[in-house]
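S.K.: Dropping a structure here in structure tokens format, bear with me for questions.
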Amino acid sequence: MTLRRSILAATAACMFAWMSPHEAIAQAAFADVGKQPPITILINSSPWFGGFEKIVQLYEQQTGNKVTLDVTPFGGMLEKARNAVRARQSPYDILNLDTQWTIEFYEGGFLSPLVEIDANFALPAEVLTFQDSNFWNAERRWRTRDGGKLMGYSPNGNVHVLYYRSDLFEKAGLQPPKSWEDIAASCAKLHAPPGMYGYVHRGERGNAVRFDWMPFMISAGASIVKSPENGDFTVTVNSPEAKRALETFVDLGRRCAPPNFGVLGQGDLIQLLATGRAAQGMAVIAAWPSFEDPTKSAVVGKISTTVVPGPAGAKPGIVIGNWHFVVPKSSPDDRKRAALAFSRWFLTAGAQRAYAEGGGIPVRSDTFTSDLASQPKFRWMKAYIDSQPFARQELGFAEGAQVEQILGLRLNQAVIGEISAARALNLAAAEIEALLRQSGRRTGLLAPLAE
Amino acid sequence: MRAVAARDDGEIDASARLGARLDASFRFWCLWPCIGILGALTLYPLLQLVPMAVSTIVFVSGESVWSFTPRRNFQLLIEDRVLQAAILNTLVFVVVSVAIEMVLGFFAALFIACLPRARPFARTVMILPILIPAVAIGSMWKLIYNYDFGLLNQIVQLAGFGAVNWLGDKHLALLAVVVVDVWHWTPFVFLILFAAIESLPRDVLEAARIDGASAWQTIHRVILPLLAPALAVAALFRAIGAFKAFDQVYLLTAGGPGTATELVSLHLNRVFFEQNQLGYGAMLALTVIALTVVTILSGRRALARS
Amino acid sequence: MAPLAGRSVLIGYGFLAAAILFILGPTLWILLNSIKFQIAIFTGAWIFEPTLQNYIDVLFGRRVDLISNIRNSLVVAVLSTLCVLAVGTLGAYAVHRSYASKLVARVLLAWLLLFQMIPPLSLVGPWYLVFQELGLYDTLTALVLTHIAINLPLTMWIMLTFFREIPRELHEAATIDGCREFQAFRMIMLPMAMPGLVSAGILAFVFSWNEFSIALNLTARGSATVPVAIAGFAQQYEIQHAQMAAASMISMLPALLLMVFGQRYVVRGLTIGAIK
């Protein structure tokens with residue numbers, strides 16, 4: 001215990017040395033934004049918040065402009081954001097929105113497009129926009145750069161990666177998995193309940209099971225609706241490909257996950273990985289700090305990441321869960337400009353590098369390809385940037401929240417074995433079609449699956 | 001003599017009038033502050049629910065746009081399959097939780113009142129659970145119920161049985177949620193009943209003892225009837241609270257597995273808050289209130305008959 | 001209450017022991033969690049390295065202002081409890097003594113219950129708009145006012161129940177002797193209803209202290225209360241159990257201290273009430 005602690009203390013000291021902001025300043029360029037009125041940002045406590053807090057302090061140090069962070073519990077973020085935009089004057093100048101909430105705010109006209117605040121504002125080319133989720137085309141009601149206005153930018157992106165125990169894999173002579181079949185094979189070798197589960201993903205009702213099923217669905221070539229970006233909302237969630245994907249999902253869970261995988265949430269999954277009881281698991285990149293912290297993890301240094309796979313020979317399908325910084329329309333003009341000034345500064349290479357070093361997830365691709373990625377502390381960066389070409393937004397339309405509720409229930413019922421996969425998808429398809437028809441979309445159904 | 005008497009009458013009149021004014025002023029200050037606060041703060045939210053319930057509300061260019069759609073909302077209500085499961089689960093949850101809490105709370109209050117040596121320690125311990133915020137209680141019990149590492153399964157496995165899937169088994173999940181509610185809210189019932197027991201008139205109890213009544217008879221024939229008003233208040237407010245229970249259930253199971261622990265409060269939260277359906281959500285809220293009223297009234301009738 | 005005798009004593013102690021075990025068990029478990037590192041909580045370990053780091057993080061860390069949250073919670077809870085006891089007791093007395101017509105009394109009591117049934121979700125939206133317009137967003141005033149409103153139903157109903165238990169003759173005797181209404185109230189009725197007042201006060205304080213939805217929506221960092229701070233540990237992907245346990249332990253202290261020190265006053269109040 002003492003030897004381990006002194007090694008960890010030494011590592012921590014080195015990390016602190018690396019995190020010194022002065023180093024970062026010397027290395028890359030920032031931006032001079034001038035004197036600005038104080039702004040308030042609505043933000044939530046999260047693993048990457050520490051990094052953001054450090055970068056805000058750096059901004060205040062460099063420019064003398066004041067930024068107040070209203071740190072709100074995650075469960076209260078949406079309500080506070082809604083209250084802020086529906087009031088006559090918003091108490092916040094930048095809102096932090098989860099990607100599935102943005103459609104509501106875009107459609108409701110609550111936000112100021114960034115070029116309307118400052119016509120010269122443009123995102124640097126290196127900034128990731130996560131499939132154009134930062135743009136909104138009001139006529140097509142779709143998030144796209146084509147004819148769309150820039151509404152904000154992401155302070156971080158979150159994708160799922162596959163975490164696996166590199167020490168166990170080495171011992172068993174296994175390669176990091178590249179397909180669901182690989183996962184099933186490695187699980188067969190390593191699965192030894194109750195001390196060790198071969199592979200875990202979430203099955204809890206709601207967003208958890210829906211989000212974790214998406215990679216299976218997308219990589220099998222299925223989709224929820226046919227072509228929403230072109231206005232074609234034909235429901236395709238009960239296609240044969242989707243059925244295969246759901247059966248693989250449920251099967252993997254039954255064979256490799258704990259018996260209660262029908263109620264596993266993200267916290268439970270992280271707990272299984274951190275205590276060393278799961279050999280592999282799919283979780284967000286934001287969970288990385290938990291595994292490297294000796295007060296939170298029993299597997300420090302033993303976990304590695306790789307891109308979430310698909311079926312053998314197919315391309316993976318990874319869902320993006322990014323956050324968005326947006327500016328409310330009801331904020332006063334001078335504070336909007338100050339918010340934009342802060343954003344300009346935040347998106348420079350220097351700031352993004354300091355952000356990464358402080359524990360945040362940067363949003364500039366050049367930060368990921370810089371020398372930072374070669375440091376062991378940042379070994380998650382490779383899987384993250386490798387996932388980007390396959391990463392996509394899902395449910396990017398107004399009825400998304402309700403579709404998620406429907407899928408969240410039906411998928412969960414399939415997972416716990418209450419109904420078959422085919423029946424679950426048929427029920428979900430019927431309900432989604434009814435919903436879309438009621439809200440006036442061009443929709444239709446596929447032939448139902450045989451149950 | 002008569003002059004003095006006349007002066008006395010005048011003084012008595014004046015003091016009587018002053019007294020009447022003081023009385024009137026006291027009456028005013030008793031009644032109107034509470035009506036004032038209720039009027040100022042509660043009229044608007046409660047009354048706004050009704051027009052919302054028959055409308056569909058969308059937001060365009062930052063403003064809310066209302067359209068009158070009572071039929072659509074009503075149709076949504078009838079076709080809502082999750083709601084039907086939720087109502088059933090909620091009724092079971094409310095009846096079972098409140099019943100257990102009333103029994104446990106009553107006996108705890110009774111025994112602590114009768115055993116003076118246990119009193120200070122036991123009283124302080126009994127109120128501990130309501131001092132903890134609901135968020136913490138939900139998270140903590142989720143850990144206790146955890147399949148792989150939880151306290152309960154550790155005890156169960158020590159006793160030689162296999163691990164139990166407390167929150168993931170369709171048949172156990174609702175019971176698990178009830179246990180948490182009982183743990184959380186029995187102190188509420190205890191506090192009210194303890195105060196009521198302490199205010200019981202001594203002479204009636206003495207008479208019962210002298211008459212040779214057994215402990216059980218004393219409880220059944222004497223104490224319970226005397227406590228009826230306090231029991232009613234405790235049960236009433238506990239039932240209303242159980243209909244509103246949200247935070248701990250959400251953290252424990254999110255309504256799952258399937259719809260096994262779906263409560264109307266969870267469903268309302270999903271519709272009103274997550275899906276942002278303000279109109280239909282208001283109709284659901286009114287439905288929940290109606291359900292609560294019906295349950296309480298039928299509960300009262302059932303108890304009156306017994 | 002008459003002391004128990006014989007077998008009943010054993011049943012009594014047995015029941016209480018079980019009840020105390022049931023209640024105290026999980027509470028002590030939270031206490032244990034608050035001195036563990038997160039990994040020890042995850043594994044449910046009984047042999048672990050104890051630490052005070054969680055308490056230090058929670059009290060002095062940069063991310064949480066628990067001390068200022070406790071201060072806010074104390075101010076709001078104390079003020080709203082005193083006010084709701086005053087308004088509620090007087091209101092219950094008004095109903096009891098029929099200071100208004102029967103119809104008004106019935107409507108008032110029914111309205112109180114109806115208001116109690118509204119899900120908090122439906123309240124916070126309108127209240128936010130109202131207080132934002134009044135410029136009271138992110139102030140303790142808004143919280144005090146709303147907490148008075150939400151605790152009023154229970155307070156009034158409890159006090160009404162206890163007032164109704166007082167025999168009529170006492171009040172009549174007082175007024176015959178020349179007491180004015182408020183003198184009768186202060187000298188006779190209120191002391192007799194003291195147990196009700198104490199329990200209503202404790203409940204109002206505890207409910208205000210632990211109230212979450214309204215506090216979340218009407219406050220920002222400056223005026224946030226303890227439940228909002230504790231909810232901050234339940235993050236999007238994980239729950240920081242260790243810090244949450246430490247914060248919960250700290251959160252229990254003010255009410256516990258009030259109970260322990262208030263015991264003396266409580267006992268006196270209860271004995272006064274018992275002398276009939």
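For the structure tokens, the naming scheme is as follows: chains receive sequential letters (A, B, ...) according to their order of presentation, residues are indexed from 1 within each chain, and ligands are indexed from 1 in presentation order.
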Taking the DSSP assignment computed from this structure's backbone, write out as an MDAnalysis selection string all residues of segment 67-136 of chain A that belong to strand (DSSP E).

M.R.: chainID A and resid 67:72 94:98 135:136

S.K.: For chain C, work out the contacting residues on chain A at 10 Å, counting only C-alpha atoms, and write them as a ChimeraX atom specification.

M.R.: /A:42,44-47,49-50,53,68-77,79-84,86-91,265-272,274-277,283-284,286-287,290,293-298

S.K.: What are the residues of chain A that have an atom within 9 Å of an atom of chain B, counting only C-alpha atoms, as JSON, numbers by chain?

M.R.: {"A": [78, 79, 85, 86, 104, 105, 107, 108, 109, 110, 111, 194, 195, 204, 205, 206, 258, 259, 260, 261, 262, 263, 264, 268, 272, 329, 330, 399, 400, 401, 402, 405, 409, 410, 411, 412, 413, 414, 416, 418]}

S.K.: Quick check, in Å to one decimal: how far apart do atom CA of Leu134 of chain C and atom CA of Pro45 of chain B lie?

M.R.: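 Here the two named atoms are 16.2 Å from each other.
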
S.K.: I need the residue nearest chain C from this list: B:Ala173, B:Ala85, B:Ala134, B:Ala208. Use only C-alpha atoms for the distance.

M.R.: B:Ala134

S.K.: Which polymer residues have any atom within 8 Å of an atom of Leu340 of chain A, counting only C-alpha atoms, with same-chain residues fewer than 6 positions away left out, as a compact mmCIF listing (two decimals) with C-alpha atoms, in the first residue's frame?

M.R.:
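Result file is out.txt:
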```txt
# COMPACT_ATOMS: atom_id res chain seq x y z
CA LEU A 114 -24.03 33.55 -33.24
CA ILE A 117 -24.55 38.76 -32.35
CA ASP A 118 -21.32 39.32 -34.25
CA PHE A 121 -17.77 35.25 -35.74
```

S.K.: List the spatial neighbours of Asn238 of chain A as a count of residues only - criterion: any atom at most 8 Å away, only C-alpha atoms, same-chain residues fewer than 2 positions off excluded.

M.R.: 13

S.K.: Could you pull the residues within 10 Å of His160 of chain A, counting only C-alpha atoms, minus those fewer than 6 positions along the same chain, as a PDB file with N, CA and C atoms, in the first residue's frame?

M.R.:
```
ATOM      1  N   PHE A 211     -29.599   4.384 -25.761  1.00  0.00           N
ATOM      2  CA  PHE A 211     -28.293   4.866 -26.187  1.00  0.00           C
ATOM      3  C   PHE A 211     -27.348   3.711 -26.432  1.00  0.00           C
ATOM      4  N   ASP A 212     -27.373   2.700 -25.576  1.00  0.00           N
ATOM      5  CA  ASP A 212     -26.449   1.586 -25.728  1.00  0.00           C
ATOM      6  C   ASP A 212     -26.844   0.658 -26.864  1.00  0.00           C
ATOM      7  N   PRO A 215     -25.391   1.725 -31.155  1.00  0.00           N
ATOM      8  CA  PRO A 215     -24.258   1.183 -31.936  1.00  0.00           C
ATOM      9  C   PRO A 215     -24.625  -0.131 -32.612  1.00  0.00           C
ATOM     10  N   GLY A 281     -16.548  -3.207 -21.210  1.00  0.00           N
ATOM     11  CA  GLY A 281     -17.808  -2.500 -21.059  1.00  0.00           C
ATOM     12  C   GLY A 281     -17.847  -1.291 -21.960  1.00  0.00           C
ATOM     13  N   MET A 282     -19.082  -0.915 -22.378  1.00  0.00           N
ATOM     14  CA  MET A 282     -19.243   0.243 -23.238  1.00  0.00           C
ATOM     15  C   MET A 282     -19.667   1.409 -22.373  1.00  0.00           C
ATOM     16  N   ALA A 283     -18.904   2.473 -22.391  1.00  0.00           N
ATOM     17  CA  ALA A 283     -19.262   3.628 -21.564  1.00  0.00           C
ATOM     18  C   ALA A 283     -18.737   4.882 -22.229  1.00  0.00           C
ATOM     19  N   VAL A 284     -19.190   6.023 -21.727  1.00  0.00           N
ATOM     20  CA  VAL A 284     -18.753   7.281 -22.321  1.00  0.00           C
ATOM     21  C   VAL A 284     -17.304   7.561 -22.006  1.00  0.00           C
ATOM     22  N   ILE A 285     -16.688   8.332 -22.874  1.00  0.00           N
ATOM     23  CA  ILE A 285     -15.297   8.694 -22.673  1.00  0.00           C
ATOM     24  C   ILE A 285     -15.142   9.503 -21.396  1.00  0.00           C
ATOM     25  N   ALA A 286     -16.224  10.176 -21.005  1.00  0.00           N
ATOM     26  CA  ALA A 286     -16.153  11.010 -19.798  1.00  0.00           C
ATOM     27  C   ALA A 286     -15.919  10.187 -18.551  1.00  0.00           C
ATOM     28  N   ALA A 287     -16.098   8.868 -18.637  1.00  0.00           N
ATOM     29  CA  ALA A 287     -15.894   8.029 -17.456  1.00  0.00           C
ATOM     30  C   ALA A 287     -14.421   7.764 -17.206  1.00  0.00           C
ATOM     31  N   THR A 305      -8.814   1.734 -23.952  1.00  0.00           N
ATOM     32  CA  THR A 305     -10.027   2.009 -24.716  1.00  0.00           C
ATOM     33  C   THR A 305      -9.816   1.658 -26.179  1.00  0.00           C
ATOM     34  N   THR A 306     -10.903   1.308 -26.825  1.00  0.00           N
ATOM     35  CA  THR A 306     -10.858   1.110 -28.262  1.00  0.00           C
ATOM     36  C   THR A 306     -12.205   1.532 -28.829  1.00  0.00           C
ATOM     37  N   VAL A 307     -12.253   1.658 -30.139  1.00  0.00           N
ATOM     38  CA  VAL A 307     -13.477   2.102 -30.784  1.00  0.00           C
ATOM     39  C   VAL A 307     -14.568   1.044 -30.610  1.00  0.00           C
ATOM     40  N   VAL A 308     -15.798   1.505 -30.360  1.00  0.00           N
ATOM     41  CA  VAL A 308     -16.923   0.575 -30.248  1.00  0.00           C
ATOM     42  C   VAL A 308     -17.096  -0.141 -31.588  1.00  0.00           C
ATOM     43  N   ILE A 318     -21.503   4.854 -33.990  1.00  0.00           N
ATOM     44  CA  ILE A 318     -21.307   5.397 -32.654  1.00  0.00           C
ATOM     45  C   ILE A 318     -22.145   6.656 -32.487  1.00  0.00           C
ATOM     46  N   VAL A 319     -22.821   6.762 -31.391  1.00  0.00           N
ATOM     47  CA  VAL A 319     -23.692   7.911 -31.161  1.00  0.00           C
ATOM     48  C   VAL A 319     -22.948   8.986 -30.402  1.00  0.00           C
ATOM     49  N   ILE A 320     -23.172  10.206 -30.847  1.00  0.00           N
ATOM     50  CA  ILE A 320     -22.542  11.340 -30.179  1.00  0.00           C
ATOM     51  C   ILE A 320     -23.465  11.866 -29.096  1.00  0.00           C
ATOM     52  N   GLY A 321     -22.901  12.194 -27.956  1.00  0.00           N
ATOM     53  CA  GLY A 321     -23.679  12.849 -26.912  1.00  0.00           C
ATOM     54  C   GLY A 321     -22.965  14.103 -26.496  1.00  0.00           C
ATOM     55  N   ALA A 383      -8.621   6.471 -29.211  1.00  0.00           N
ATOM     56  CA  ALA A 383      -9.923   5.839 -29.454  1.00  0.00           C
ATOM     57  C   ALA A 383     -10.979   6.893 -29.751  1.00  0.00           C
ATOM     58  N   TYR A 384     -10.884   8.016 -29.048  1.00  0.00           N
ATOM     59  CA  TYR A 384     -11.873   9.078 -29.232  1.00  0.00           C
ATOM     60  C   TYR A 384     -11.818   9.636 -30.647  1.00  0.00           C
ATOM     61  N   SER A 387     -12.952   7.326 -33.320  1.00  0.00           N
ATOM     62  CA  SER A 387     -14.407   7.105 -33.369  1.00  0.00           C
ATOM     63  C   SER A 387     -15.105   8.164 -34.201  1.00  0.00           C
ATOM     64  N   ALA A 391     -19.035   8.571 -35.959  1.00  0.00           N
ATOM     65  CA  ALA A 391     -19.950   9.083 -34.945  1.00  0.00           C
ATOM     66  C   ALA A 391     -21.079   9.859 -35.593  1.00  0.00           C
TER      67      ALA A 391
END
```
